[in-house]
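start.cif follows; it contains mmCIF, C-alpha atoms.
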data_protein
loop_
_atom_site.label_atom_id
_atom_site.label_comp_id
_atom_site.auth_asym_id
_atom_site.auth_seq_id
_atom_site.Cartn_x
_atom_site.Cartn_y
_atom_site.Cartn_z
CA MET A 10 -4.68 8.64 15.14
CA ASN A 11 -4.29 4.85 15.19
CA ALA A 12 -1.14 4.35 13.09
CA ILE A 13 0.56 1.10 12.08
CA TYR A 14 3.80 1.53 10.16
CA GLU A 15 4.94 -0.67 7.30
CA TYR A 16 6.86 -3.77 8.43
CA SER A 17 5.99 -3.07 12.06
CA GLU A 18 4.27 -5.28 14.63
CA VAL A 19 0.50 -5.11 15.16
CA GLU A 20 0.25 -4.72 18.93
CA ASP A 21 -3.51 -4.34 19.42
CA GLU A 22 -4.52 -7.89 20.41
CA LYS A 23 -8.15 -7.64 19.20
CA LEU A 24 -7.07 -6.28 15.84
CA LYS A 25 -4.34 -8.90 15.58
CA LYS A 26 -6.84 -11.71 16.17
CA TYR A 27 -9.25 -10.20 13.64
CA ILE A 28 -6.55 -10.04 10.96
CA ILE A 29 -5.43 -13.62 11.65
CA ASP A 30 -9.06 -14.80 11.43
CA THR A 31 -9.75 -12.91 8.17
CA PRO A 32 -8.22 -14.66 5.13
CA LEU A 33 -8.80 -11.64 2.86
CA LEU A 34 -6.22 -9.71 4.91
CA HIS A 35 -3.49 -12.35 4.98
CA LYS A 36 -1.59 -11.01 1.93
CA TYR A 37 -1.20 -7.63 3.67
CA PHE A 38 0.32 -8.98 6.89
CA LYS A 39 2.84 -11.65 7.85
CA LEU A 40 2.54 -13.92 10.89
CA ASP A 41 5.84 -15.30 12.16
CA TRP A 42 6.25 -16.95 15.58
CA ASN A 43 3.01 -15.35 16.77
CA ILE A 44 4.28 -11.90 15.79
CA LEU A 45 2.02 -10.22 13.22
CA LYS A 46 3.68 -7.57 11.06
CA SER A 47 2.33 -5.30 8.35
CA GLN A 48 3.82 -5.65 4.89
CA GLN A 49 4.44 -3.21 1.98
CA TYR A 50 0.88 -1.88 1.93
CA CYS A 51 -0.41 1.48 3.07
CA GLY A 52 -3.91 2.84 3.46
CA ILE A 53 -6.68 2.27 5.97
CA LEU A 54 -8.19 -0.69 7.80
CA ASN A 55 -11.52 -0.20 9.55
CA PHE A 56 -12.31 -2.54 12.45
CA GLU A 57 -15.08 -2.12 15.05
CA ASP A 58 -15.76 1.41 13.77
CA LYS A 59 -12.12 2.41 14.35
CA ASP A 60 -9.86 3.51 11.52
CA TYR A 61 -6.29 2.19 11.56
CA TYR A 62 -3.93 3.91 9.14
CA LEU A 63 -1.14 1.80 7.66
CA LEU A 64 1.55 4.32 6.82
CA PRO A 65 4.99 4.55 5.20
CA LYS A 66 7.64 5.59 7.72
CA ILE A 67 9.08 8.70 6.10
CA SER A 68 9.17 10.94 9.17
CA GLU A 69 10.47 9.28 12.31
CA ASN A 70 7.97 10.60 14.83
CA ASN A 71 5.09 12.34 13.10
CA ASP A 72 1.97 10.35 12.21
CA GLU A 73 0.16 13.31 10.65
CA GLN A 74 3.01 14.26 8.33
CA ASN A 75 3.49 10.63 7.26
CA LEU A 76 -0.23 10.51 6.42
CA ASP A 77 0.11 13.81 4.50
CA ILE A 78 2.96 12.45 2.39
CA PHE A 79 1.13 9.20 1.68
CA ILE A 80 -1.95 11.16 0.52
CA TYR A 81 0.21 13.55 -1.55
CA MET A 82 1.85 10.61 -3.33
CA LEU A 83 -1.58 9.08 -4.04
CA MET A 84 -2.92 12.39 -5.33
CA TYR A 85 0.00 12.90 -7.71
CA ALA A 86 0.29 9.29 -8.90
CA TYR A 87 -3.44 8.94 -9.65
CA ASP A 88 -4.42 12.53 -10.57
CA ILE A 89 -6.65 12.95 -7.51
CA LYS A 90 -7.46 16.56 -6.64
CA LEU A 91 -8.25 17.15 -2.97
CA GLU A 92 -8.64 20.43 -1.15
CA ASN A 93 -6.52 21.17 1.93
CA GLU A 94 -9.55 20.88 4.23
CA GLU A 95 -10.31 17.40 2.84
CA ILE A 96 -6.76 16.27 3.60
CA ALA A 97 -7.01 17.84 7.07
CA SER A 98 -10.26 15.96 7.77
CA CYS A 99 -8.37 12.66 7.43
CA LYS A 100 -5.83 13.76 10.04
CA ASN A 101 -8.40 14.93 12.59
CA GLU A 102 -10.41 11.73 11.98
CA LYS A 103 -13.52 13.62 10.94
CA HIS A 104 -13.50 11.51 7.76
CA ASN A 105 -11.25 8.66 6.66
CA ILE A 106 -9.41 8.66 3.37
CA LEU A 107 -11.80 6.20 1.71
CA GLU A 108 -14.80 8.36 2.57
CA VAL A 109 -13.07 11.46 1.19
CA PHE A 110 -12.25 9.63 -2.05
CA ILE A 111 -15.82 8.29 -2.39
CA GLN A 112 -17.25 11.78 -1.99
CA LEU A 113 -14.82 13.13 -4.57
CA PHE A 114 -15.86 10.39 -7.02
CA ALA A 115 -19.56 11.20 -6.44
CA GLN A 116 -18.96 14.94 -6.92
CA ARG A 117 -17.16 14.39 -10.23
CA LEU A 118 -19.80 11.98 -11.50
CA PHE A 119 -22.76 14.16 -10.47
CA LYS A 120 -21.16 17.14 -12.20
CA GLU A 121 -20.90 15.14 -15.44
CA PHE A 122 -24.49 13.92 -15.08
CA GLY A 123 -25.52 17.58 -14.84
CA ARG A 124 -24.09 18.13 -18.33
CA GLY A 125 -26.18 15.25 -19.65
CA ILE A 126 -26.24 11.52 -18.97
CA TYR A 127 -24.49 9.53 -21.66
CA LYS A 128 -26.79 7.66 -24.03
CA GLU A 129 -26.09 5.34 -26.92
CA TYR A 130 -28.03 3.10 -29.26
CA VAL A 131 -28.66 -0.26 -27.60
CA THR A 132 -30.14 -3.23 -29.48
CA GLU A 133 -33.36 -4.45 -27.87
CA GLN A 134 -35.71 -7.37 -28.59
CA ASP A 135 -39.34 -7.25 -27.49
CA ASN A 136 -42.86 -8.47 -28.23
CA LEU A 137 -44.72 -5.38 -29.47
CA THR A 138 -48.17 -4.55 -30.80
CA THR A 139 -46.71 -2.69 -33.81
CA LEU A 140 -43.70 -3.40 -36.00
CA ARG A 141 -40.55 -1.61 -34.93
CA GLY A 142 -37.17 -2.22 -36.50
CA LYS A 143 -36.53 -5.77 -37.71
CA TYR A 144 -39.24 -8.45 -37.83
CA LEU A 145 -37.89 -11.68 -36.18
CA ILE A 146 -39.63 -14.58 -37.91
CA ASN A 147 -38.25 -17.45 -35.79
CA GLU A 148 -39.01 -15.70 -32.50
CA ASN A 149 -42.56 -14.97 -33.67
CA LEU A 150 -43.13 -18.64 -34.45
CA LYS A 151 -41.82 -19.63 -30.98
CA CYS A 152 -43.52 -16.97 -28.88
CA ASN A 153 -46.61 -15.71 -30.63
CA HIS A 154 -49.70 -17.87 -31.06
CA VAL A 155 -52.03 -14.90 -31.56
CA LYS A 156 -51.95 -12.21 -34.24
CA ASN A 157 -51.83 -9.05 -32.14
CA LYS A 158 -48.12 -9.31 -31.18
CA ILE A 159 -44.99 -8.88 -33.30
CA TYR A 160 -41.53 -9.93 -32.07
CA CYS A 161 -39.09 -7.23 -33.15
CA GLU A 162 -35.43 -6.23 -32.84
CA TYR A 163 -34.75 -2.49 -32.79
CA ASP A 164 -32.22 0.11 -31.66
CA GLU A 165 -33.12 2.25 -28.64
CA PHE A 166 -31.26 5.49 -27.81
CA SER A 167 -30.88 4.68 -24.14
CA MET A 168 -28.99 5.43 -20.95
CA ASN A 169 -29.14 1.68 -20.20
CA ASN A 170 -25.63 1.02 -21.56
CA MET A 171 -22.53 -0.63 -20.14
CA LEU A 172 -20.86 2.58 -18.97
CA ASN A 173 -23.88 3.67 -16.92
CA GLN A 174 -24.44 0.11 -15.65
CA PHE A 175 -20.86 0.14 -14.36
CA PHE A 176 -21.38 3.50 -12.63
CA LEU A 177 -24.52 2.14 -10.96
CA PHE A 178 -22.58 -0.93 -9.81
CA ALA A 179 -19.80 1.29 -8.39
CA LEU A 180 -22.28 3.57 -6.57
CA LYS A 181 -24.11 0.65 -4.95
CA SER A 182 -20.79 -1.03 -3.99
CA LEU A 183 -19.43 2.09 -2.26
CA LEU A 184 -22.66 3.38 -0.69
CA PRO A 185 -22.49 1.32 2.56
CA TYR A 186 -18.99 2.62 3.36
CA THR A 187 -19.63 6.36 3.59
CA LYS A 188 -21.55 8.28 6.23
CA ASN A 189 -22.71 11.01 3.86
CA LYS A 190 -24.83 9.10 1.32
CA LYS A 191 -26.74 12.05 -0.15
CA LEU A 192 -24.63 12.66 -3.27
CA LEU A 193 -24.28 8.96 -4.11
CA LYS A 194 -28.05 8.53 -3.85
CA GLN A 195 -28.56 11.53 -6.14
CA CYS A 196 -26.25 9.89 -8.68
CA GLU A 197 -28.22 6.64 -8.31
CA LEU A 198 -31.49 8.48 -8.85
CA ALA A 199 -30.13 10.00 -12.07
CA LEU A 200 -29.59 6.44 -13.34
CA ASP A 201 -33.14 5.29 -12.56
CA GLU A 202 -33.62 3.86 -16.07
CA VAL A 203 -30.39 1.82 -15.89
CA GLU A 204 -30.43 -1.92 -15.18
CA TYR A 205 -28.26 -3.03 -12.25
CA LYS A 206 -25.54 -5.54 -13.20
CA GLN A 207 -22.47 -6.84 -11.42
CA PHE A 208 -19.03 -6.46 -13.04
CA ASP A 209 -15.65 -8.14 -12.86
CA ILE A 210 -13.50 -5.03 -12.43
CA ASN A 211 -10.41 -6.89 -13.66
CA SER A 212 -11.89 -7.55 -17.10
CA ILE A 213 -14.30 -4.70 -17.85
CA LYS A 214 -13.55 -2.85 -21.09
CA ILE A 215 -15.27 0.39 -22.11
CA ASN A 216 -14.79 1.93 -25.55
CA PHE A 217 -14.24 5.66 -25.01
CA HIS A 218 -14.80 8.08 -27.88
CA ARG A 219 -15.62 11.76 -28.35
CA LEU A 220 -19.21 11.32 -27.12
CA ASN A 221 -18.35 9.74 -23.75
CA LEU A 222 -14.72 10.77 -23.24
CA ARG A 223 -15.65 13.25 -20.49
CA TYR A 224 -16.63 10.25 -18.33
CA ARG A 225 -13.26 8.54 -18.60
CA ALA A 226 -11.75 10.17 -15.49
CA SER A 227 -14.79 9.12 -13.39
CA PHE A 228 -14.56 5.59 -14.80
CA GLU A 229 -10.85 5.29 -13.95
CA PHE A 230 -11.40 6.77 -10.47
CA ALA A 231 -14.19 4.25 -9.81
CA LEU A 232 -11.90 1.41 -10.94
CA LEU A 233 -9.17 2.66 -8.59
CA LEU A 234 -11.57 2.72 -5.63
CA LEU A 235 -13.02 -0.72 -6.37
CA ASN A 236 -9.60 -2.28 -7.02
CA LYS A 237 -8.09 -1.12 -3.73
CA PHE A 238 -11.24 -1.49 -1.66
CA ILE A 239 -11.77 -4.74 0.31
CA PRO A 240 -15.19 -5.17 1.97
CA LEU A 241 -14.97 -7.22 5.17
CA PHE A 242 -17.94 -8.64 7.01
CA ALA A 243 -17.81 -9.94 10.57
CA LYS A 244 -20.68 -10.44 13.03
CA ASN A 245 -23.05 -8.46 10.81
CA LYS A 246 -20.76 -5.44 10.94
CA LYS A 247 -19.37 -3.81 7.83
CA SER A 248 -15.62 -3.35 8.02
CA PHE A 249 -13.27 -2.60 5.15
CA ALA A 250 -9.71 -2.12 4.05
CA PHE A 251 -8.46 0.34 1.44
CA LEU A 252 -4.84 -0.50 0.72
CA PHE A 253 -2.15 0.34 -1.83
CA ASP A 254 1.04 -1.59 -2.59
CA THR A 255 3.78 0.93 -1.77
CA ASN A 256 6.14 -0.68 -4.32
CA MET A 257 3.67 0.14 -7.10
CA LEU A 258 2.79 3.55 -5.63
CA PHE A 259 6.46 4.60 -5.43
CA GLU A 260 7.09 3.40 -9.00
CA ARG A 261 4.07 5.26 -10.33
CA PHE A 262 4.83 8.42 -8.34
CA VAL A 263 8.47 8.62 -9.46
CA GLY A 264 7.70 7.53 -13.04
CA LYS A 265 5.07 10.20 -13.52
CA MET A 266 7.38 12.85 -12.05
CA ILE A 267 10.24 11.90 -14.39
CA LYS A 268 7.80 11.90 -17.32
CA LYS A 269 6.87 15.50 -16.45
CA LEU A 270 10.56 16.47 -16.38
CA GLU A 271 11.51 14.45 -19.48
CA PRO A 272 8.45 13.94 -21.76
CA SER A 273 10.28 11.36 -23.92
CA THR A 274 10.47 8.99 -20.92
CA LEU A 275 9.05 5.48 -21.40
CA LEU A 276 7.18 4.05 -18.41
CA GLN A 277 6.69 0.32 -17.74
CA SER A 278 8.09 -0.73 -21.09
CA CYS A 279 7.58 -4.37 -22.08
CA ASP A 280 9.82 -5.87 -24.76
CA SER A 281 10.68 -9.37 -25.96
CA TYR A 282 14.20 -10.51 -26.72
CA GLY A 283 13.65 -14.01 -28.04
CA ASP A 284 12.07 -15.93 -25.17
CA LEU A 285 13.13 -13.23 -22.70
CA ILE A 286 10.49 -10.64 -21.71
CA LEU A 287 11.84 -7.51 -20.03
CA LYS A 288 9.80 -4.90 -18.15
CA PRO A 289 11.97 -2.02 -16.92
CA ASP A 290 10.13 0.59 -14.85
CA ILE A 291 11.52 3.75 -16.46
CA ILE A 292 13.67 4.47 -19.54
CA VAL A 293 14.78 8.09 -19.72
CA LYS A 294 17.27 9.20 -22.40
CA ASP A 295 20.20 6.76 -22.12
CA LEU A 296 19.32 5.56 -18.61
CA ILE A 297 17.23 2.67 -17.27
CA ILE A 298 15.75 3.18 -13.78
CA ASP A 299 14.15 0.54 -11.59
CA THR A 300 12.42 1.77 -8.45
CA LYS A 301 12.74 -0.36 -5.31
CA TYR A 302 10.56 0.44 -2.34
CA LYS A 303 12.78 -1.32 0.18
CA LYS A 304 14.93 -0.36 3.13
CA LEU A 305 18.59 -0.27 2.13
CA GLY A 306 21.25 0.37 4.73
CA ALA A 307 24.50 -0.40 2.90
CA LYS A 308 25.94 -1.41 -0.47
CA ASN A 309 26.26 -5.06 0.55
CA GLU A 310 22.49 -5.24 1.13
CA ILE A 311 21.73 -4.80 -2.59
CA LYS A 312 20.29 -8.08 -3.75
CA ARG A 313 22.17 -10.17 -6.30
CA ASP A 314 18.96 -10.61 -8.33
CA ASP A 315 18.52 -6.81 -8.59
CA LYS A 316 22.08 -6.42 -9.89
CA PHE A 317 21.57 -9.21 -12.41
CA GLN A 318 18.28 -7.67 -13.53
CA MET A 319 19.94 -4.32 -14.26
CA PHE A 320 22.80 -6.01 -16.13
CA VAL A 321 20.29 -7.85 -18.34
CA TYR A 322 18.37 -4.61 -18.98
CA GLY A 323 21.56 -2.76 -19.93
CA LYS A 324 22.82 -5.44 -22.31
CA ASN A 325 19.53 -6.08 -24.08
CA TYR A 326 18.55 -2.43 -24.46
CA ASP A 327 22.15 -1.49 -25.32
CA ILE A 328 22.11 1.16 -22.57
CA LYS A 329 25.24 1.33 -20.45
CA ASN A 330 23.82 3.40 -17.57
CA THR A 331 21.31 1.94 -15.10
CA MET A 332 20.01 2.95 -11.69
CA LEU A 333 18.30 1.40 -8.71
CA LEU A 334 16.29 4.14 -7.00
CA TYR A 335 15.23 3.58 -3.38
CA PRO A 336 13.35 5.84 -0.98
CA LYS A 337 15.55 7.35 1.68
CA HIS A 338 14.82 5.86 5.10
CA LEU A 339 17.43 6.67 7.72
CA GLU A 340 20.52 7.48 5.66
CA HIS A 341 21.12 8.97 2.22
CA PHE A 342 23.28 6.83 -0.09
CA ASP A 343 24.89 7.22 -3.49
CA TYR A 344 26.83 4.22 -4.81
CA ASP A 345 28.50 3.52 -8.16
CA LEU A 346 28.87 -0.09 -9.26
CA VAL A 347 30.16 -1.75 -12.41
CA LEU A 348 28.44 -4.96 -13.54
CA GLY A 349 30.42 -7.25 -15.85
CA ARG A 350 34.02 -7.02 -17.08
CA ASN A 351 36.37 -7.13 -20.09
CA GLY A 352 34.50 -4.55 -22.14
CA ASP A 353 31.10 -6.04 -21.32
CA GLU A 354 30.29 -3.70 -18.43
CA VAL A 355 27.06 -2.02 -17.43
CA LYS A 356 27.29 0.89 -15.00
CA MET A 357 24.79 0.88 -12.14
CA LYS A 358 24.11 3.76 -9.80
CA VAL A 359 22.28 3.22 -6.52
CA LYS A 360 20.57 6.34 -5.25
CA SER A 361 18.01 7.31 -2.63
CA LEU A 362 15.14 9.76 -2.99
CA ASP A 363 14.24 11.69 0.15
CA LEU A 364 10.42 11.81 0.28
CA TRP A 365 10.39 14.08 3.33
CA CYS A 366 9.31 17.72 3.20
CA ASP A 367 8.80 19.46 6.54
CA GLY A 368 5.35 21.07 6.87
CA CYS A 369 4.71 21.26 3.11
CA GLU A 370 1.26 21.47 1.60
CA TYR A 371 0.56 19.54 -1.58
CA LYS A 372 1.88 21.93 -4.26
CA GLU A 373 4.99 22.75 -2.23
CA TYR A 374 5.60 19.04 -1.65
CA ILE A 375 5.39 18.13 -5.35
CA GLU A 376 7.76 20.95 -6.32
CA GLU A 377 10.19 19.92 -3.58
CA ILE A 378 10.28 16.26 -4.67
CA LYS A 379 10.43 17.26 -8.34
CA SER A 380 13.52 19.32 -7.55
CA LYS A 381 15.12 16.32 -5.82
CA VAL A 382 14.33 14.03 -8.76
CA ARG A 383 15.76 16.60 -11.17
CA GLY A 384 18.93 16.70 -9.08
CA ILE A 385 19.24 12.90 -9.25
CA LEU A 386 18.84 12.91 -13.06
CA ASN A 387 21.27 15.79 -13.53
CA GLY A 388 23.85 14.03 -11.38
CA ILE A 389 24.15 11.07 -13.75
#
Give the structure from the file, written as C-alpha cells.
Amino acid sequence: MNAIYEYSEVEDEKLKKYIIDTPLLHKYFKLDWNILKSQQYCGILNFEDKDYYLLPKISENNDEQNLDIFIYMLMYAYDIKLENEEIASCKNEKHNILEVFIQLFAQRLFKEFGRGIYKEYVTEQDNLTTLRGKYLINENLKCNHVKNKIYCEYDEFSMNNMLNQFFLFALKSLLPYTKNKKLLKQCELALDEVEYKQFDINSIKINFHRLNLRYRASFEFALLLLNKFIPLFAKNKKSFAFLFDTNMLFERFVGKMIKKLEPSTLLQSCDSYGDLILKPDIIVKDLIIDTKYKKLGAKNEIKRDDKFQMFVYGKNYDIKNTMLLYPKHLEHFDYDLVLGRNGDEVKMKVKSLDLWCDGCEYKEYIEEIKSKVRGILNGI
C-alpha cells in the first residue's frame, strides 16, 4: 500500500511535482522550503493509475490498521454500511475506497429503482394538435400562424423531475472513476426518460416528503461522494482525489457517538448573543465539548485562542464545565484548568480519546470507542 500520513513529507518526486503543478490540490498540502507535506486531510489520491492513501497516524507502524480505522470512522460518521470483504478489498488494493463507495451508492439506488422510480407532476408547455390543460393565448399569438396547433400548459406525471435529474448527474459524474460500470449504467438506463442537467452541489435543495423519502439516503450519499470527490485531468489521463477533513470527521464521529449515549445532546449548535455568534461542537447535559483534531504533547501547547473560546462558551451558555477533546497520538493526557478568577471561573478539562483498537472489526471497534467515550463522560 502506498501510504502518506497526515502532516508528513511527500517523498515520491513525481507525485510531489504533480501536486505542486495541480492548483486543485494545493489546499490539501503545504509547500515550505521545497518540502511538501500533507495537511489534515485523509482519503485517496490517484496518480498515474496508482492509489496513494492519505491516512491518520493512529497506529505507529501498521498501514492496514490505520486504513481500517479511517474507514470505520467514515462508516460510523456518515452511516455507510460496508461488508468486511469490501473493507478488505481496499487493503489488498483490489479496489480503492472511492470505487467501493461508488458501487455501494449504485447498489442502494438500483434497489430503490426496483421498487419504482419516483414520479411527480411536472408543469410542461408544448405546441399540441389538441387542447390539453391550459390554453396559452399569448404564446399562441407568438408561435402559431396556422390553425392546427394549440399552445398549452399542462401537468405531466413524469420521472423527469429534479430528484431524478440529480441522480442522473451523479451517475454520469462518477461513472469514469470506477472499473465496474455495469450497475451505474443500469441505473442510467432506468432514467432514460430523464433530461440530463448539471447541478451546483453546494446549493441544490430537494423537498423530501412521504412519497420520495426512501430516496433521501441515496441523495445524501451522492452529495457526500460529489462533495469529497475532486476530478483531476492531466495529459488526457483521469486522476482523482477523494479527501476528508479529519477535523470535521473527528467532530462528526465523536458527536454522533455522544448523541447515541446521551440522546439529549445538541450537535453543532449555533446561537447569537448580541453581535456574538457561537458555534460549540457538542453540548451534553451541563458540559460543552469542542473536538480538536490536533497533536497535543503537553499542557503548555494548548492554544490561547482555544482557552478563550471555551471561556466565552461557558460564560454565554452559563455552563461552568467545558472540555477540549483531542485524539490520542503518542501519550494519553488528562488536564484540569480553571479559566477566569474571582468567582467568574469556567472549568476546562483537556482529555484525549484513544482511537486505537488492535485487530478489531467494525462492530467491535465502534463498541470499543463507545466504551472509551462513555468513560470520558462519566469521569467529569
When you count all atoms listed in the file, which of these residues is closest to A:Asp353: A:Leu241, A:Leu258, A:Ile328, A:Leu64?
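Using all atoms listed in the file, A:Asp353 sits closest to A:Ile328.
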Expressed in Å to a single decimal, how great is the separation between atom CA of A:Lys66 and atom CA of A:Tyr374?
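Separating atom CA of A:Lys66 from atom CA of A:Tyr374 is a distance of 16.5 Å.
From atom CA of A:Lys308 back to atom CA of A:Phe342, the distance works out to 8.7 Å.
Proximity to A:Phe208 was assessed for A:Val109, A:Leu232, A:Cys51, A:Ala307 counting all atoms listed in the file; the smallest distance is recorded for A:Leu232.
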Check what the PyMOL selection byres ((chain A and resi 228-231) around 12) selects in the file above and give those residues as a VMD selection string.
chain A and resid 83 to 84 87 to 90 107 110 to 118 121 171 to 183 210 213 to 217 221 to 227 232 to 238
Please enumerate the residues selected by the PyMOL selection byres ((chain A and resi 325) around 12) when evaluated against the supplied file, formatted as a list in words.
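Going through the file, the PyMOL selection byres ((chain A and resi 325) around 12) ends up selecting Asp280, Ser281, Tyr282, Gly283, Leu285, Ile286, Leu287, Lys288, Pro289, Ile297, Gln318, Met319, Phe320, Val321, Tyr322, Gly323, Lys324, Tyr326, Asp327, Ile328, Lys329, Asp353 and Val355 of chain A.
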I'd like to see the residues matched by the PyMOL selection byres ((chain A and resi 332) around 9) on this file, and ideally I'd get them as a PyMOL selection string.
chain A and resi 296-300+319+330-331+333-334+356-360
Could you please determine the separation between atom CA of A:Asp201 and atom CA of A:Asn189 in Å, to one decimal place?
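Computing the Euclidean distance for atom CA of A:Asp201 and atom CA of A:Asn189 yields 20.3 Å.
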Selected residue, from A:Tyr81, A:Phe56, A:Tyr62, A:Tyr37, that lies nearest to A:Trp365 when counting only C-alpha atoms
A:Tyr81
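Candidate residues A:Ile159, A:Leu91, A:Leu348, A:Ala199 were compared for distance to A:Lys120, and the nearest is A:Ala199, using all atoms listed in the file.
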Considering all atoms listed in the file, can you say which of A:Thr31, A:Asn309, A:Ser273, A:Asn149 comes closest to A:Tyr344?
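Ranked by minimum distance to A:Tyr344, first place goes to A:Asn309.
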Counting all atoms listed in the file, what is within 10 Å of A:Asp290, bar same-chain residues fewer than 4 positions away, as a PyMOL selection string?
chain A and resi 260-261+263-264+275-279+297-301
For A:Lys379, which residue among A:Glu354, A:Glu271, A:Asp77, A:Asp367 is the nearest when counting only C-alpha atoms?
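For A:Lys379, the nearest of the candidates is A:Glu271.
The list of residues within 12 Å of (21.7, -2.3, 5.5), counted using all atoms listed in the file, is Lys303, Lys304, Leu305, Gly306, Ala307, Lys308, Asn309, Glu310, Ile311, Lys312, His338, Leu339, Glu340, His341 and Phe342 of chain A.
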Would you mind listing what lies within 12 Å of A:Ser248 as number ranges by chain, with only C-alpha atoms counted and same-chain residues fewer than 2 positions away left out?
A: 24, 27-28, 31, 33-34, 53-61, 185-187, 238-246, 250-251
Go ahead and find all residues with at least one atom no further than 7 Å from (-24.5, 9.7, -6.5) in the file's coordinates, using all atoms listed in the file; report them as JSON, numbers by chain.
{"A": [115, 119, 180, 192, 193, 194, 195, 196, 197]}
